[in-house]
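A.B. asks: A single structure is presented below for examination.
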Amino acid sequence: MAQHDNGGENAAAGSAVEKTEPRQVSSGTAVVSSDAIPNPGLPPHRLRVTDLDEAKEKQAARRVSTFFMLSIIGSAFAVVAYIVFPIVPGDPGSVRLNTLFLGLGITLGLLPIGLGAIYWAKALMNSEERIEARHSTRGTESTRAAAVEVFRLGNEESGFGRRSLIRNTLLGALVLTPIPAIAMFRDLAPAENPVELFKQTLWDKNTRLVRDPSGTPIKASDVTIGSVFHVVPEGLDEADHPLEEKAKAAVLLMRLNPADLNELDERKDWSYQGIVAYSKICTHVGCPVALYEQHTHHLLCPCHQSTFDVTNHCEVIFGPAKRPLPQLPITVDAEGYLIAQSDFTEPVGPSFWERSA
Ligand code: FES
C-alpha cells in the first residue's frame, strides 16, 4: 500500500500513516498536554439535606458528638475493665476476661471516632468540589544548578574528595557500624542447633497419649471412627517449659477404617487398628493444623490452607507446605491405653532445615 506525505491524501486514504511533529517532552513532565483527554468538567454540585435544612444540620452535629461521646465511654470502660479484670498468673480464665473486656473497651473507644469522623465529613464539612492542577515535578534549571553547586562547595570545603585517608577511613567506619547490630540479632537465634531442638520432643517410648487440656489418658476403645483428639504427652505439665514443649509435641489422633489407610511398608506398625497420630504443627511455618474433615480424611491448616491427606501418610495435597506431617508411632499398653512407641523420627514443624541441609 502506497504512503503519501500529502495530508489531504492521507485523510482520504484512511489507512495511510499520519505524520506528526515529534513531541517536546522533558523528563519529569507530569502531563503531556498534546494527547490529554479533554477535561470533562465537574458534575453539577448537589446540595445535601444538611445544606438545605438547619434543623437537619443540627441533628447531624448531635450525631457526630454522640459518636465521640461513645468513644469517651469506650476508652473509660477499657481502663476500668483493665483494673476490674486483672490477669492472675496461672488462671487462664482471668486472661480471657481481661482480653475480652479490654478489647471491647478499646474497640468502643476507636470505632466511634472513625464513624464520627466519616459522618462529620460526609454530612457537615464543606462539600465543594475543587480542582488542583498537576505541576511538573522537575526543578528549574537554576534550582538544579544551585543544588549541584551546594554539593560542589560541600566537597571543596570538607576536602572529602581531596583527603583520601579521611574519606576511606570514614567509609570503612560506616560500613562496619552495623556489624554489632548483626551480631546482636544473631544472638536472638537459639544457642542450640534448631534442627536438634525440633527433633526432640517430650514423646518417648511408652509415654501415654493424653487429651489436651484435661490430661486424661486415652484408651484405643475411646477413639471411634471419624473422631479426632487433640493430644499431648502425659507429664507435660511437669516439664520445665510446658508451653514450649507443647508447641513441639502437640499431636492429632484420628481413627479411620484400616482399609482406607495407605501405609508405607516401614510404618505398617506405627498405627493401631486404624488409629493414627500425626504432629499438629504445620510443616509450612508452624501453625497448629486443627481442622479435620472426617469425610475426606483431610487435615487443614487454617493459616495458609495447606491440606494433608491422612489416608496417605499425611502427604501435602494442597498449599505451601512442602513436607508431610511427621507421624508419631503408637501402640497400646497392657491396660489398653494408647502409648507412643518412640519420639518422632524426624523434626516437627517448619521444614527450613531441609532446604539448608
Ligand atoms: S502454617 Fe500451615 S499452611 Fe502455612
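Chain labels follow the order of the C-alpha cells: the first chain is A, the next B, and so on; residue numbering restarts at 1 in every chain, and ligands are counted from 1 in their shown order.
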To check your reading of the model: which residues sit at most 12 Å from ligand 1 when counting only C-alpha atoms and all ligand atoms? Write the answer as an MDAnalysis selection string.
C.D. replies: chainID A and resid 280:291 299:308 316:325 349:351
A.B. asks: Hey, what's within 12 Å of Asn193 in chain A if we count only C-alpha atoms and toss same-chain stuff fewer than 5 positions away? As a ChimeraX atom specification, please?
C.D. replies: /A:198-200,347,353
A.B. asks: CA of Gly226 in chain A and CA of Tyr292 in chain A, how far apart in Å?
C.D. replies: 9.2 Å
A.B. asks: Residues near Leu111 in chain A, anyone? I mean within 9 Å using only C-alpha atoms, not counting same-chain ones fewer than 4 positions away, as a PyMOL selection string.
C.D. replies: chain A and resi 67+71+106-107+115-116
A.B. asks: Kindly export the residues of the current selection with C-alpha atoms, as a PDB file, in the first residue's frame.
C.D. replies:
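What ended up in result_19.pdb:
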```pdb
ATOM      1  CA  PHE A  67     -20.169   9.015  68.263  1.00  0.00           C
ATOM      2  CA  SER A  71     -15.703   6.728  72.186  1.00  0.00           C
ATOM      3  CA  ILE A 106     -10.657  -0.352  73.047  1.00  0.00           C
ATOM      4  CA  THR A 107     -12.935  -1.219  70.119  1.00  0.00           C
ATOM      5  CA  LEU A 115     -17.511   6.548  62.296  1.00  0.00           C
ATOM      6  CA  GLY A 116     -17.995  10.036  63.729  1.00  0.00           C
TER       7      GLY A 116
END
```
A.B. asks: Write down as a list of chain:residue names the residues of range 134-284 of chain A whose backbone DSSP state falls under strand (DSSP E).
C.D. replies: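 Here is the list: A:Leu209, A:Val210, A:Arg211, A:Val228, A:Phe229, A:His230, A:Val231, A:Val232, A:Pro233, A:Val251, A:Leu252, A:Leu253, A:Met254, A:Arg255, A:Ile275, A:Val276, A:Ala277, A:Tyr278, A:Ser279.
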A.B. asks: Write out as a tab-separated table (two decimals) with N, CA and C atoms, in the first residue's frame each polymer residue whose atoms come within 9 Å of range 263-268 of chain A, counting only C-alpha atoms; drop sequence neighbours fewer than 3 positions from it.
C.D. replies:
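What landed in out.tsv:
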```
chain	number	residue	atom	x	y	z
A	271	SER	N	0.59	-47.52	63.43
A	271	SER	CA	-0.80	-47.20	63.77
A	271	SER	C	-1.36	-48.36	64.59
A	311	THR	N	-5.06	-40.39	54.83
A	311	THR	CA	-5.03	-41.77	54.31
A	311	THR	C	-3.69	-42.08	53.65
A	312	ASN	N	-3.00	-41.04	53.20
A	312	ASN	CA	-1.71	-41.24	52.52
A	312	ASN	C	-0.59	-40.64	53.34
A	313	HIS	N	-0.40	-41.15	54.56
A	313	HIS	CA	0.66	-40.71	55.49
A	313	HIS	C	0.82	-39.20	55.54
A	329	PRO	N	4.76	-42.84	66.05
A	329	PRO	CA	4.44	-44.28	66.11
A	329	PRO	C	3.73	-44.58	67.44
```
A.B. asks: Within 7 Å of Lys219 in chain A, counting only C-alpha atoms, which residues qualify if same-chain residues fewer than 3 places away don't, as a list in words?
C.D. replies: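 Here the qualifying residues turn out to be Asp222, Gly336, Tyr337 and Leu338 of chain A.
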A.B. asks: Keeping only N, CA and C atoms, write those residues as a PDB file, in the first residue's frame.
C.D. replies:
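Written out: selection_21.pdb:
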```pdb
ATOM      1  N   ASP A 222     -11.765 -45.777  73.163  1.00  0.00           N
ATOM      2  CA  ASP A 222     -12.453 -44.469  73.220  1.00  0.00           C
ATOM      3  C   ASP A 222     -12.486 -43.790  71.847  1.00  0.00           C
ATOM      4  N   GLY A 336      -4.629 -51.128  77.706  1.00  0.00           N
ATOM      5  CA  GLY A 336      -5.402 -50.669  76.546  1.00  0.00           C
ATOM      6  C   GLY A 336      -5.272 -49.185  76.274  1.00  0.00           C
ATOM      7  N   TYR A 337      -4.387 -48.506  77.038  1.00  0.00           N
ATOM      8  CA  TYR A 337      -4.205 -47.075  76.784  1.00  0.00           C
ATOM      9  C   TYR A 337      -3.220 -46.871  75.632  1.00  0.00           C
ATOM     10  N   LEU A 338      -3.470 -45.844  74.865  1.00  0.00           N
ATOM     11  CA  LEU A 338      -2.575 -45.550  73.743  1.00  0.00           C
ATOM     12  C   LEU A 338      -1.260 -44.980  74.265  1.00  0.00           C
TER      13      LEU A 338
END
```
A.B. asks: Counting only C-alpha atoms, what is within 10 Å of range 80-93 of chain A, bar same-chain residues fewer than 6 positions away, as a list of chain:residue names?
C.D. replies: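 The filter keeps A:Gly74, A:Thr99, A:Leu100, A:Phe101, A:Leu102, A:Gly103, A:Leu104, A:Gly105.
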A.B. asks: What residues in range 63-199 of chain A get the DSSP label alpha helix (DSSP H)? Please answer as a count of residues only.
C.D. replies: 100
A.B. asks: Of the candidates A:Val251, A:Glu196, A:Thr224, A:Arg167, which one gets nearest to Asn155 in chain A if we count only C-alpha atoms?
C.D. replies: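 Among the listed residues, the smallest separation from Asn155 in chain A belongs to A:Arg167.
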A.B. asks: To one decimal in Å, tell me the separation between CA of Tyr278 in chain A and CA of Asp343 in chain A.
C.D. replies: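 Result for CA of Tyr278 in chain A versus CA of Asp343 in chain A: 11.6 Å, one decimal.
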A.B. asks: What's around Val232 in chain A at 7 Å? Count only C-alpha atoms, leave out sequence neighbours fewer than 6 positions away in its own chain, and write the answer as a PyMOL selection string.
C.D. replies: chain A and resi 209-212+246+249-251
A.B. asks: Expressed in Å to a single decimal, how great is the separation between CA of Thr201 in chain A and CA of Phe352 in chain A?
C.D. replies: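 Between CA of Thr201 in chain A and CA of Phe352 in chain A the gap is 17.9 Å.
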A.B. asks: For Ser342 in chain A, which residue out of A:Pro233, A:Pro112, A:Pro213, A:Pro194 is the nearest one, using only C-alpha atoms?
C.D. replies: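 Ranking A:Pro233, A:Pro112, A:Pro213, A:Pro194 by distance to Ser342 in chain A, first place goes to A:Pro233.
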A.B. asks: Between A:Phe77, A:Phe68, A:Phe185, A:Tyr272, single out the one closest to Ile339 in chain A, counting only C-alpha atoms.
C.D. replies: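 Among the listed residues, the smallest separation from Ile339 in chain A belongs to A:Tyr272.
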A.B. asks: With distances taken over only C-alpha atoms, which residue among A:Gly114, A:Gly215, A:Pro38, A:Pro43 lies nearest Arg130 in chain A?
C.D. replies: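 For Arg130 in chain A, the nearest of the given residues is A:Pro43.
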A.B. asks: Just checking: using only C-alpha atoms, which residue out of A:Gln341, A:Ser75, A:Thr169, A:Ser142 ends up closest to Leu108 in chain A?
C.D. replies: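 Smallest distance to Leu108 in chain A is found for A:Ser75.
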